[in-house]
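Visitor: My structure file input-v5.json, JSON, C-alpha atoms, is below:
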```json
[["chain", "number", "residue", "atom", "x", "y", "z"],
["A", 1, "LEU", "CA", 8.30, -45.98, 2.36],
["A", 2, "VAL", "CA", 9.15, -49.62, 1.40],
["A", 3, "MET", "CA", 12.84, -50.31, 0.71],
["A", 4, "LYS", "CA", 13.89, -53.70, -0.72],
["A", 5, "ASP", "CA", 17.09, -55.64, -1.20],
["A", 6, "SER", "CA", 17.33, -58.46, -3.76],
["A", 7, "TYR", "CA", 19.96, -60.55, -1.93],
["A", 8, "GLY", "CA", 18.65, -60.32, 1.64],
["A", 9, "ASP", "CA", 21.81, -58.89, 3.14],
["A", 10, "GLY", "CA", 20.83, -55.23, 3.42],
["A", 11, "TRP", "CA", 22.15, -52.32, 1.44],
["A", 12, "GLU", "CA", 25.68, -52.55, 2.80],
["A", 13, "GLY", "CA", 26.31, -48.86, 3.32],
["A", 14, "ALA", "CA", 24.01, -47.53, 0.59],
["A", 15, "SER", "CA", 21.21, -45.18, 1.64],
["A", 16, "TRP", "CA", 18.31, -43.15, 0.28],
["A", 17, "SER", "CA", 17.56, -39.49, 0.96],
["A", 18, "GLY", "CA", 14.62, -37.42, -0.14],
["A", 19, "LEU", "CA", 11.28, -35.87, 0.89],
["A", 20, "GLY", "CA", 12.95, -34.36, 3.93],
["A", 21, "GLN", "CA", 14.62, -37.64, 5.01],
["A", 22, "GLU", "CA", 18.32, -38.41, 5.12],
["A", 23, "GLY", "CA", 20.26, -41.71, 5.08],
["A", 24, "LEU", "CA", 17.43, -44.27, 5.09],
["A", 25, "ALA", "CA", 18.59, -47.86, 4.35],
["A", 26, "VAL", "CA", 17.79, -51.57, 4.60],
["A", 27, "ALA", "CA", 20.01, -52.58, 7.51],
["A", 28, "ASP", "CA", 19.52, -56.35, 7.03],
["A", 29, "GLY", "CA", 17.24, -58.78, 5.20],
["A", 30, "TYR", "CA", 15.15, -58.22, 2.11],
["A", 31, "GLU", "CA", 12.87, -55.36, 3.12],
["A", 32, "GLU", "CA", 12.47, -52.49, 5.51],
["A", 33, "ARG", "CA", 9.64, -50.00, 5.95],
["A", 34, "LYS", "CA", 9.84, -46.44, 7.23],
["A", 35, "SER", "CA", 6.95, -44.11, 8.02],
["A", 36, "PHE", "CA", 7.27, -40.33, 7.97],
["A", 37, "VAL", "CA", 5.27, -37.22, 7.19],
["A", 38, "VAL", "CA", 6.17, -35.47, 3.99],
["A", 39, "PRO", "CA", 6.51, -31.69, 4.69],
["A", 40, "PHE", "CA", 4.17, -29.42, 2.74],
["A", 41, "ALA", "CA", 5.81, -27.61, -0.14],
["A", 42, "PRO", "CA", 3.86, -24.60, -1.46],
["A", 43, "PRO", "CA", 3.51, -24.48, -5.23],
["A", 44, "SER", "CA", 6.14, -22.57, -7.11],
["A", 45, "PRO", "CA", 5.08, -19.07, -8.17],
["A", 46, "PRO", "CA", 4.26, -18.70, -11.85],
["A", 47, "PRO", "CA", 7.12, -17.43, -13.98],
["A", 48, "GLN", "CA", 7.33, -13.66, -14.22],
["A", 49, "LEU", "CA", 6.26, -12.50, -17.63],
["A", 50, "PRO", "CA", 8.32, -9.88, -19.41],
["A", 51, "PRO", "CA", 6.70, -6.43, -19.79],
["A", 52, "PRO", "CA", 4.61, -6.03, -22.93],
["A", 53, "PRO", "CA", 6.48, -4.52, -25.85],
["A", 54, "LEU", "CA", 6.01, -0.83, -26.55],
["A", 55, "PRO", "CA", 3.85, 0.08, -29.51],
["A", 56, "PRO", "CA", 5.68, 1.41, -32.56],
["A", 57, "LEU", "CA", 7.27, 4.77, -31.84],
["A", 58, "VAL", "CA", 7.29, 7.78, -34.08],
["A", 59, "PRO", "CA", 10.81, 8.19, -35.54],
["A", 60, "GLY", "CA", 12.89, 10.32, -33.20],
["A", 61, "GLU", "CA", 10.52, 9.83, -30.27],
["A", 62, "ALA", "CA", 12.10, 9.41, -26.81],
["A", 63, "VAL", "CA", 10.55, 7.16, -24.16],
["A", 64, "ALA", "CA", 10.08, 8.79, -20.73],
["A", 65, "HIS", "CA", 9.19, 7.08, -17.46],
["A", 66, "THR", "CA", 9.57, 10.16, -15.23],
["A", 67, "PRO", "CA", 9.05, 13.93, -15.51],
["A", 68, "GLN", "CA", 12.83, 14.26, -15.66],
["A", 69, "GLY", "CA", 12.81, 12.07, -18.75],
["A", 70, "ILE", "CA", 10.58, 14.66, -20.46],
["A", 71, "ARG", "CA", 12.92, 17.47, -19.37],
["A", 72, "ASP", "CA", 15.93, 15.57, -20.70],
["A", 73, "GLU", "CA", 14.34, 15.24, -24.14],
["A", 74, "ILE", "CA", 13.47, 18.95, -24.20],
["A", 75, "ASN", "CA", 17.05, 19.87, -23.24],
["A", 76, "LYS", "CA", 18.49, 17.61, -25.95],
["A", 77, "ALA", "CA", 16.12, 19.10, -28.52],
["A", 78, "VAL", "CA", 17.20, 22.63, -27.57],
["A", 79, "ASP", "CA", 20.87, 21.70, -27.84],
["A", 80, "GLN", "CA", 20.31, 20.08, -31.24],
["A", 81, "GLY", "CA", 17.99, 22.77, -32.58],
["A", 82, "ARG", "CA", 15.05, 20.44, -33.19],
["A", 83, "ASN", "CA", 11.55, 19.71, -31.88],
["A", 84, "ALA", "CA", 11.01, 17.49, -28.84],
["A", 85, "SER", "CA", 8.92, 14.32, -29.01],
["A", 86, "VAL", "CA", 8.17, 12.11, -25.98],
["A", 87, "PHE", "CA", 6.29, 8.82, -25.58],
["A", 88, "ILE", "CA", 5.08, 7.67, -22.14],
["A", 89, "PRO", "CA", 4.23, 3.94, -21.97],
["A", 90, "PRO", "CA", 0.53, 3.09, -21.47],
["A", 91, "GLY", "CA", -0.32, 2.45, -17.82],
["A", 92, "ALA", "CA", 2.63, 4.48, -16.52],
["A", 93, "ARG", "CA", 2.08, 6.96, -13.70],
["A", 94, "LEU", "CA", 4.38, 9.95, -13.43],
["A", 95, "ALA", "CA", 4.44, 11.93, -10.17],
["A", 96, "PHE", "CA", 5.31, 15.64, -10.44],
["A", 97, "SER", "CA", 6.84, 17.74, -7.69],
["A", 98, "SER", "CA", 7.51, 20.61, -10.12],
["A", 99, "ASN", "CA", 6.38, 21.36, -13.64],
["A", 100, "VAL", "CA", 8.09, 20.67, -16.95],
["A", 101, "GLU", "CA", 8.95, 23.88, -18.80],
["A", 102, "CYS", "CA", 9.20, 24.45, -22.53],
["A", 103, "SER", "CA", 10.10, 27.86, -23.93],
["A", 104, "GLY", "CA", 11.42, 29.07, -27.23],
["A", 105, "ASP", "CA", 10.51, 28.44, -30.83],
["A", 106, "MET", "CA", 10.00, 24.68, -30.80],
["A", 107, "HIS", "CA", 7.23, 22.06, -30.80],
["A", 108, "LEU", "CA", 6.81, 19.70, -27.86],
["A", 109, "SER", "CA", 4.82, 16.49, -28.34],
["A", 110, "VAL", "CA", 4.03, 14.31, -25.33],
["A", 111, "ARG", "CA", 1.82, 11.30, -25.91],
["A", 112, "SER", "CA", 0.86, 7.82, -24.82],
["A", 113, "SER", "CA", -1.46, 5.27, -26.44],
["A", 114, "GLY", "CA", -4.10, 2.68, -25.57],
["A", 115, "GLU", "CA", -5.24, 3.13, -21.97],
["A", 116, "GLY", "CA", -3.01, 6.19, -21.71],
["A", 117, "ALA", "CA", -0.59, 7.36, -19.03],
["A", 118, "THR", "CA", -1.36, 9.26, -15.81],
["A", 119, "LEU", "CA", 0.40, 12.48, -14.83],
["A", 120, "ASP", "CA", -0.11, 13.14, -11.12],
["A", 121, "GLY", "CA", 0.51, 16.57, -9.60],
["A", 122, "LYS", "CA", 0.04, 15.26, -6.03],
["A", 123, "LYS", "CA", -1.85, 18.50, -5.23],
["A", 124, "SER", "CA", 1.51, 20.26, -5.16],
["A", 125, "SER", "CA", 2.32, 21.22, -8.75],
["A", 126, "ASN", "CA", 0.99, 21.68, -12.22],
["A", 127, "MET", "CA", 2.62, 19.57, -14.92],
["A", 128, "PHE", "CA", 3.50, 21.85, -17.86],
["A", 129, "TYR", "CA", 4.48, 25.51, -18.21],
["A", 130, "ILE", "CA", 4.65, 26.49, -21.87],
["A", 131, "SER", "CA", 5.99, 29.91, -22.93],
["A", 132, "GLY", "CA", 8.26, 31.78, -25.33],
["A", 133, "GLY", "CA", 6.48, 30.56, -28.47],
["A", 134, "CYS", "CA", 6.74, 26.84, -27.68],
["A", 135, "SER", "CA", 3.79, 24.91, -29.10],
["A", 136, "LEU", "CA", 2.39, 21.82, -27.37],
["A", 137, "TYR", "CA", 0.68, 18.59, -28.44],
["A", 138, "LEU", "CA", -0.69, 16.14, -25.85],
["A", 139, "GLU", "CA", -2.35, 12.78, -26.53],
["A", 140, "ALA", "CA", -3.79, 9.93, -24.41],
["A", 141, "LEU", "CA", -2.80, 11.48, -21.08],
["A", 142, "HIS", "CA", -4.73, 11.68, -17.80],
["A", 143, "PHE", "CA", -3.92, 14.68, -15.61],
["A", 144, "VAL", "CA", -4.89, 14.19, -11.95],
["A", 145, "ASP", "CA", -4.55, 16.32, -8.81],
["A", 146, "GLY", "CA", -2.61, 19.12, -10.45],
["A", 147, "ARG", "CA", -2.38, 22.44, -8.65],
["A", 148, "GLY", "CA", -1.09, 25.84, -9.68],
["A", 149, "ALA", "CA", -1.73, 29.55, -9.58],
["A", 150, "TYR", "CA", -2.84, 29.48, -13.23],
["A", 151, "GLY", "CA", -3.63, 26.18, -14.90],
["A", 152, "GLY", "CA", -3.88, 23.34, -12.42],
["A", 153, "ALA", "CA", -2.27, 20.98, -14.96],
["A", 154, "VAL", "CA", -1.16, 23.07, -17.97],
["A", 155, "PHE", "CA", -0.29, 26.78, -18.07],
["A", 156, "ALA", "CA", 0.55, 28.36, -21.41],
["A", 157, "TYR", "CA", 1.62, 32.01, -21.48],
["A", 158, "GLY", "CA", 2.99, 33.55, -24.65],
["A", 159, "ALA", "CA", 3.03, 30.07, -26.17],
["A", 160, "GLY", "CA", 2.36, 28.83, -29.69],
["A", 161, "ASP", "CA", -0.54, 26.56, -30.60],
["A", 162, "ILE", "CA", -1.90, 24.18, -27.97],
["A", 163, "ALA", "CA", -3.48, 20.91, -29.21],
["A", 164, "MET", "CA", -4.77, 17.93, -27.25],
["A", 165, "LYS", "CA", -6.40, 14.61, -28.15],
["A", 166, "ASP", "CA", -8.01, 12.12, -25.75],
["A", 167, "VAL", "CA", -6.78, 13.99, -22.69],
["A", 168, "SER", "CA", -8.59, 14.14, -19.33],
["A", 169, "PHE", "CA", -8.26, 16.45, -16.33],
["A", 170, "THR", "CA", -9.47, 15.22, -12.93],
["A", 171, "GLY", "CA", -9.27, 16.92, -9.54],
["A", 172, "CYS", "CA", -7.04, 19.75, -10.76],
["A", 173, "GLU", "CA", -7.26, 23.20, -9.17],
["A", 174, "ALA", "CA", -5.96, 26.74, -9.63],
["A", 175, "SER", "CA", -5.81, 29.60, -7.16],
["A", 176, "GLY", "CA", -6.20, 31.87, -10.18],
["A", 177, "SER", "CA", -7.92, 30.88, -13.45],
["A", 178, "GLY", "CA", -8.14, 27.63, -15.37],
["A", 179, "GLY", "CA", -8.53, 24.71, -12.96],
["A", 180, "GLY", "CA", -7.37, 22.20, -15.55],
["A", 181, "MET", "CA", -5.69, 24.43, -18.12],
["A", 182, "SER", "CA", -5.01, 28.13, -18.56],
["A", 183, "VAL", "CA", -3.94, 29.62, -21.90],
["A", 184, "HIS", "CA", -2.96, 33.31, -22.02],
["A", 185, "SER", "CA", -1.67, 35.36, -24.98],
["A", 186, "SER", "CA", -0.92, 32.25, -27.00],
["A", 187, "GLY", "CA", -1.85, 30.66, -30.33],
["A", 188, "ASP", "CA", -4.81, 28.51, -31.35],
["A", 189, "VAL", "CA", -6.25, 25.99, -28.90],
["A", 190, "SER", "CA", -7.62, 22.68, -30.19],
["A", 191, "LEU", "CA", -9.14, 19.96, -28.00],
["A", 192, "GLU", "CA", -10.42, 16.65, -29.38],
["A", 193, "GLY", "CA", -11.98, 14.17, -26.96],
["A", 194, "ALA", "CA", -10.89, 16.13, -23.89],
["A", 195, "SER", "CA", -12.76, 15.97, -20.58],
["A", 196, "PHE", "CA", -12.69, 17.91, -17.31],
["A", 197, "SER", "CA", -13.95, 16.45, -14.02],
["A", 198, "GLU", "CA", -13.95, 17.97, -10.53],
["A", 199, "CYS", "CA", -11.56, 20.75, -11.54],
["A", 200, "THR", "CA", -11.91, 24.10, -9.77],
["A", 201, "ALA", "CA", -10.53, 27.64, -9.98],
["A", 202, "ALA", "CA", -10.88, 30.70, -7.76],
["A", 203, "ARG", "CA", -11.22, 32.84, -10.88],
["A", 204, "PRO", "CA", -12.79, 32.12, -14.32],
["A", 205, "GLY", "CA", -12.55, 28.69, -15.90],
["A", 206, "GLY", "CA", -13.02, 25.81, -13.49],
["A", 207, "GLY", "CA", -12.02, 23.45, -16.29],
["A", 208, "MET", "CA", -10.26, 25.65, -18.83],
["A", 209, "ASN", "CA", -9.59, 29.35, -19.36],
["A", 210, "VAL", "CA", -8.40, 30.85, -22.66],
["A", 211, "TYR", "CA", -7.60, 34.57, -22.71],
["A", 212, "LYS", "CA", -6.27, 36.80, -25.49],
["A", 213, "SER", "CA", -5.26, 33.83, -27.60],
["A", 214, "GLY", "CA", -6.12, 32.41, -31.03],
["A", 215, "ASP", "CA", -9.10, 30.39, -32.18],
["A", 216, "VAL", "CA", -10.52, 27.71, -29.89],
["A", 217, "SER", "CA", -11.74, 24.41, -31.32],
["A", 218, "LEU", "CA", -13.57, 21.79, -29.22],
["A", 219, "GLU", "CA", -14.53, 18.40, -30.67]]
```
Output the file's structure as structure tokens, nothing else.
Guide:
Amino acid sequence: LVMKDSYGDGWEGASWSGLGQEGLAVADGYEERKSFVVPFAPPSPPPQLPPPPLPPLVPGEAVAHTPQGIRDEINKAVDQGRNASVFIPPGARLAFSSNVECSGDMHLSVRSSGEGATLDGKKSSNMFYISGGCSLYLEALHFVDGRGAYGGAVFAYGAGDIAMKDVSFTGCEASGSGGGMSVHSSGDVSLEGASFSECTAARPGGGMNVYKSGDVSLE
């Protein structure tokens, strides 16, 4: 560092600080030189980008980030005498320690979009138990590692219609029937773009079992 004084009498109490140095000055004369090592400063991290905006929601749709968020919407719908509609943001992963229940004469819609959302049973629980005439619509969801007595991911007993679009079941298992999904004594079952992979059951239906229910449509 080269420090200069125009009048040749030093800086007279003035000093310079910076680059890890403090109080450097020209003590006397016109010029003074100081040598030092500038400490390394790592580059600043890039600014954190805000999360991408959610796609447009269906009017009345509630956003859920946890299984409890789905339960809360169902409870509100029951109290208000309406259907329940839930949106899970794409890329989200919801871990289940117990299933979400829907019973009674209502329609439950749970969907994501784009890459879809993952619902993880952690090999300890299935994700949905549908009964009492409740009908169910699922879209753009990936069920993984669900486990239950009937229906490793989804069990419908005495339910209404069951419809799914772009839904996958992976690694789900049942000690009874329907490794991925079991539907018993319910309404029509419609699957569009659904897939089952590495799902197992001790009884019929490693991927899906439908018994004493309505028409089944697979596309």
Visitor: Please produce, as CSV, a per-residue contact table for segment 168-192 of chain A versus segment 123-146 of chain A (criterion: any atom at most 8 Å away, all atoms listed in the file considered), showing the nearest atom pair and its distance in Å to one decimal, sorted by chain then residue number.
Guide:
```
residue,atom,partner,partner_atom,distance
A:Ser168,CA,A:His142,CA,4.8
A:Phe169,CA,A:Phe143,CA,4.7
A:Thr170,CA,A:Val144,CA,4.8
A:Gly171,CA,A:Asp145,CA,4.8
A:Cys172,CA,A:Gly146,CA,4.5
A:Glu173,CA,A:Gly146,CA,6.3
A:Gly180,CA,A:Gly146,CA,7.6
A:Ser186,CA,A:Gly133,CA,7.7
```
Visitor: May I have the residues within 7 Å of Ala194 of chain A as a ChimeraX atom specification, using all atoms listed in the file and disregarding those fewer than 2 positions away in the same chain?
Guide: /A:165-168,191-192
Visitor: Keeping only C-alpha atoms, write those residues as an mmCIF file, in the frame of the given file.
Guide:
```
data_model
loop_
_atom_site.group_PDB
_atom_site.id
_atom_site.type_symbol
_atom_site.label_atom_id
_atom_site.label_comp_id
_atom_site.auth_asym_id
_atom_site.auth_seq_id
_atom_site.Cartn_x
_atom_site.Cartn_y
_atom_site.Cartn_z
ATOM 1 C CA LYS A 165 -6.400 14.610 -28.150
ATOM 2 C CA ASP A 166 -8.010 12.120 -25.750
ATOM 3 C CA VAL A 167 -6.780 13.990 -22.690
ATOM 4 C CA SER A 168 -8.590 14.140 -19.330
ATOM 5 C CA LEU A 191 -9.140 19.960 -28.000
ATOM 6 C CA GLU A 192 -10.420 16.650 -29.380
#
```
Visitor: Counting only C-alpha atoms, which of A:Leu1, A:Ala201, A:Ala156, A:Leu94 gets nearest to Gly187 of chain A?
Guide: A:Ala156
Visitor: Could you tell me how far atom CA of Asp5 of chain A lies from atom CA of Gly18 of chain A, in Å and to one decimal?
Guide: 18.4 Å
Visitor: Quick one: of A:Glu73, A:Asp9, A:Glu101, A:Asp188, who's nearest to Met164 of chain A, counting all atoms listed in the file?
Guide: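 Residue with the minimum atom-to-atom distance to Met164 of chain A: A:Asp188.
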Visitor: Given all atoms listed in the file as the basis, pick out the residue of A:Val189, A:Ala77, A:Val210, A:Val26 nearest to Ala14 of chain A.
Guide: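 The closest residue to Ala14 of chain A is A:Val26.
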Visitor: Rounded to one decimal in Å, what is the spacing between atom CA of Lys76 of chain A and atom CA of Val63 of chain A?
Guide: 13.2 Å
Visitor: May I ask for the distance between atom CA of Arg93 of chain A and atom CA of Thr66 of chain A, given in Å to one decimal place?
Guide: 8.3 Å
Visitor: Give the answer as one residue: which of A:Pro204, A:Pro52, A:Gly60, A:Gly121 has the shortest atom-to-atom distance to Ser182 of chain A, using all atoms listed in the file?
Guide: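 Ranking A:Pro204, A:Pro52, A:Gly60, A:Gly121 by distance to Ser182 of chain A, first place goes to A:Pro204.
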Visitor: Just checking: using all atoms listed in the file, which residue out of A:Thr118, A:Ser112, A:Ser185, A:Gln48 ends up closest to Ala159 of chain A?
Guide: A:Ser185
Visitor: Could you name the residues that touch Pro51 of chain A at 12 Å or less, counting all atoms listed in the file, but leaving out those on the same chain fewer than 5 positions away, as a list of chain:residue names?
Guide: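 Final neighbour list, sorted by chain and number: A:Pro89, A:Pro90, A:Gly91.
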Visitor: Pick out the residues sitting within 9 Å of Ser190 of chain A, and hand them over as a ChimeraX atom specification; count only C-alpha atoms, and ignore anything fewer than 4 positions along from it in its own chain.
Guide: /A:161-165,215-219
Visitor: Kindly provide, as a tab-separated table (two decimals) with C-alpha atoms, in the frame of the given file, the polymer residues lying within 9 Å of (12.2, 16.8, -14.7), counting only C-alpha atoms and using the coordinates exactly as they appear in the file.
Guide:
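Writing done, so here's out_13.tsv:
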```tsv
chain	number	residue	atom	x	y	z
A	66	THR	CA	9.57	10.16	-15.23
A	67	PRO	CA	9.05	13.93	-15.51
A	68	GLN	CA	12.83	14.26	-15.66
A	69	GLY	CA	12.81	12.07	-18.75
A	70	ILE	CA	10.58	14.66	-20.46
A	71	ARG	CA	12.92	17.47	-19.37
A	72	ASP	CA	15.93	15.57	-20.70
A	96	PHE	CA	5.31	15.64	-10.44
A	97	SER	CA	6.84	17.74	-7.69
A	98	SER	CA	7.51	20.61	-10.12
A	99	ASN	CA	6.38	21.36	-13.64
A	100	VAL	CA	8.09	20.67	-16.95
A	101	GLU	CA	8.95	23.88	-18.80
```
Visitor: Dump as a list in words all residues having an atom at most 9 Å from (15.4, 24.9, -28.9), computed in the file's coordinates with only C-alpha atoms.
Guide: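 Using only C-alpha atoms, the matching residues come out as Ile74, Asn75, Lys76, Ala77, Val78, Asp79, Gln80, Gly81, Arg82, Asn83, Ala84, Cys102, Ser103, Gly104, Asp105, Met106, His107 and Cys134 of chain A.
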Visitor: From the options A:Gly23, A:Pro42, A:Gly29, A:Gly160, which residue's atoms come nearest to Gly8 of chain A, counting only C-alpha atoms?
Guide: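 Looking only at the distances to Gly8 of chain A, the closest residue turns out to be A:Gly29.
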Visitor: Hey, could you pull the box centre and edge lengths for segment 23-35 of chain A, axis-aligned, 6 Å padding per side, all listed atoms, to one decimal in Å, as AutoDock Vina command-line options?
Guide:
```
--center_x 13.6 --center_y -50.2 --center_z 5.1 --size_x 25.3 --size_y 29.1 --size_z 17.9
```
Visitor: Please complete segment 72-96 of chain A with N, CA and C atoms and give it back as a tab-separated table (two decimals), in the coordinates of the input.
Guide:
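Saved file selection_15.tsv follows:
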```tsv
chain	number	residue	atom	x	y	z
A	72	ASP	N	14.70	15.94	-20.00
A	72	ASP	CA	15.93	15.57	-20.70
A	72	ASP	C	15.74	15.65	-22.21
A	73	GLU	N	14.59	15.19	-22.70
A	73	GLU	CA	14.34	15.24	-24.14
A	73	GLU	C	14.22	16.68	-24.61
A	74	ILE	N	13.57	17.54	-23.83
A	74	ILE	CA	13.47	18.95	-24.20
A	74	ILE	C	14.87	19.58	-24.26
A	75	ASN	N	15.70	19.30	-23.27
A	75	ASN	CA	17.05	19.87	-23.24
A	75	ASN	C	17.88	19.39	-24.44
A	76	LYS	N	17.76	18.12	-24.78
A	76	LYS	CA	18.49	17.61	-25.95
A	76	LYS	C	18.00	18.28	-27.22
A	77	ALA	N	16.67	18.46	-27.32
A	77	ALA	CA	16.12	19.10	-28.52
A	77	ALA	C	16.61	20.54	-28.65
A	78	VAL	N	16.69	21.24	-27.53
A	78	VAL	CA	17.20	22.63	-27.57
A	78	VAL	C	18.64	22.64	-28.02
A	79	ASP	N	19.45	21.75	-27.47
A	79	ASP	CA	20.87	21.70	-27.84
A	79	ASP	C	21.06	21.37	-29.32
A	80	GLN	N	20.17	20.53	-29.86
A	80	GLN	CA	20.31	20.08	-31.24
A	80	GLN	C	19.47	20.91	-32.22
A	81	GLY	N	18.77	21.91	-31.72
A	81	GLY	CA	17.99	22.77	-32.58
A	81	GLY	C	16.85	22.06	-33.29
A	82	ARG	N	16.15	21.20	-32.59
A	82	ARG	CA	15.05	20.44	-33.19
A	82	ARG	C	13.85	20.46	-32.27
A	83	ASN	N	12.73	19.86	-32.72
A	83	ASN	CA	11.55	19.71	-31.88
A	83	ASN	C	11.74	18.55	-30.90
A	84	ALA	N	10.93	18.54	-29.86
A	84	ALA	CA	11.01	17.49	-28.84
A	84	ALA	C	9.79	16.59	-28.93
A	85	SER	N	10.02	15.28	-28.89
A	85	SER	CA	8.92	14.32	-29.01
A	85	SER	C	9.10	13.22	-27.97
A	86	VAL	N	8.08	13.03	-27.12
A	86	VAL	CA	8.17	12.11	-25.98
A	86	VAL	C	7.01	11.12	-26.02
A	87	PHE	N	7.32	9.85	-25.72
A	87	PHE	CA	6.29	8.82	-25.58
A	87	PHE	C	6.35	8.28	-24.15
A	88	ILE	N	5.19	8.24	-23.48
A	88	ILE	CA	5.08	7.67	-22.14
A	88	ILE	C	4.32	6.35	-22.26
A	89	PRO	N	4.88	5.24	-21.79
A	89	PRO	CA	4.23	3.94	-21.97
A	89	PRO	C	2.82	3.91	-21.37
A	90	PRO	N	1.89	3.22	-22.02
A	90	PRO	CA	0.53	3.09	-21.47
A	90	PRO	C	0.56	2.45	-20.08
A	91	GLY	N	-0.26	2.97	-19.18
A	91	GLY	CA	-0.32	2.45	-17.82
A	91	GLY	C	0.69	3.07	-16.88
A	92	ALA	N	1.63	3.83	-17.39
A	92	ALA	CA	2.63	4.48	-16.52
A	92	ALA	C	1.97	5.59	-15.72
A	93	ARG	N	2.55	5.87	-14.56
A	93	ARG	CA	2.08	6.96	-13.70
A	93	ARG	C	3.28	7.80	-13.29
A	94	LEU	N	3.28	9.04	-13.72
A	94	LEU	CA	4.38	9.95	-13.43
A	94	LEU	C	3.96	10.94	-12.35
A	95	ALA	N	4.73	11.01	-11.27
A	95	ALA	CA	4.44	11.93	-10.17
A	95	ALA	C	5.29	13.19	-10.32
A	96	PHE	N	4.64	14.35	-10.24
A	96	PHE	CA	5.31	15.64	-10.44
A	96	PHE	C	5.44	16.37	-9.11
```
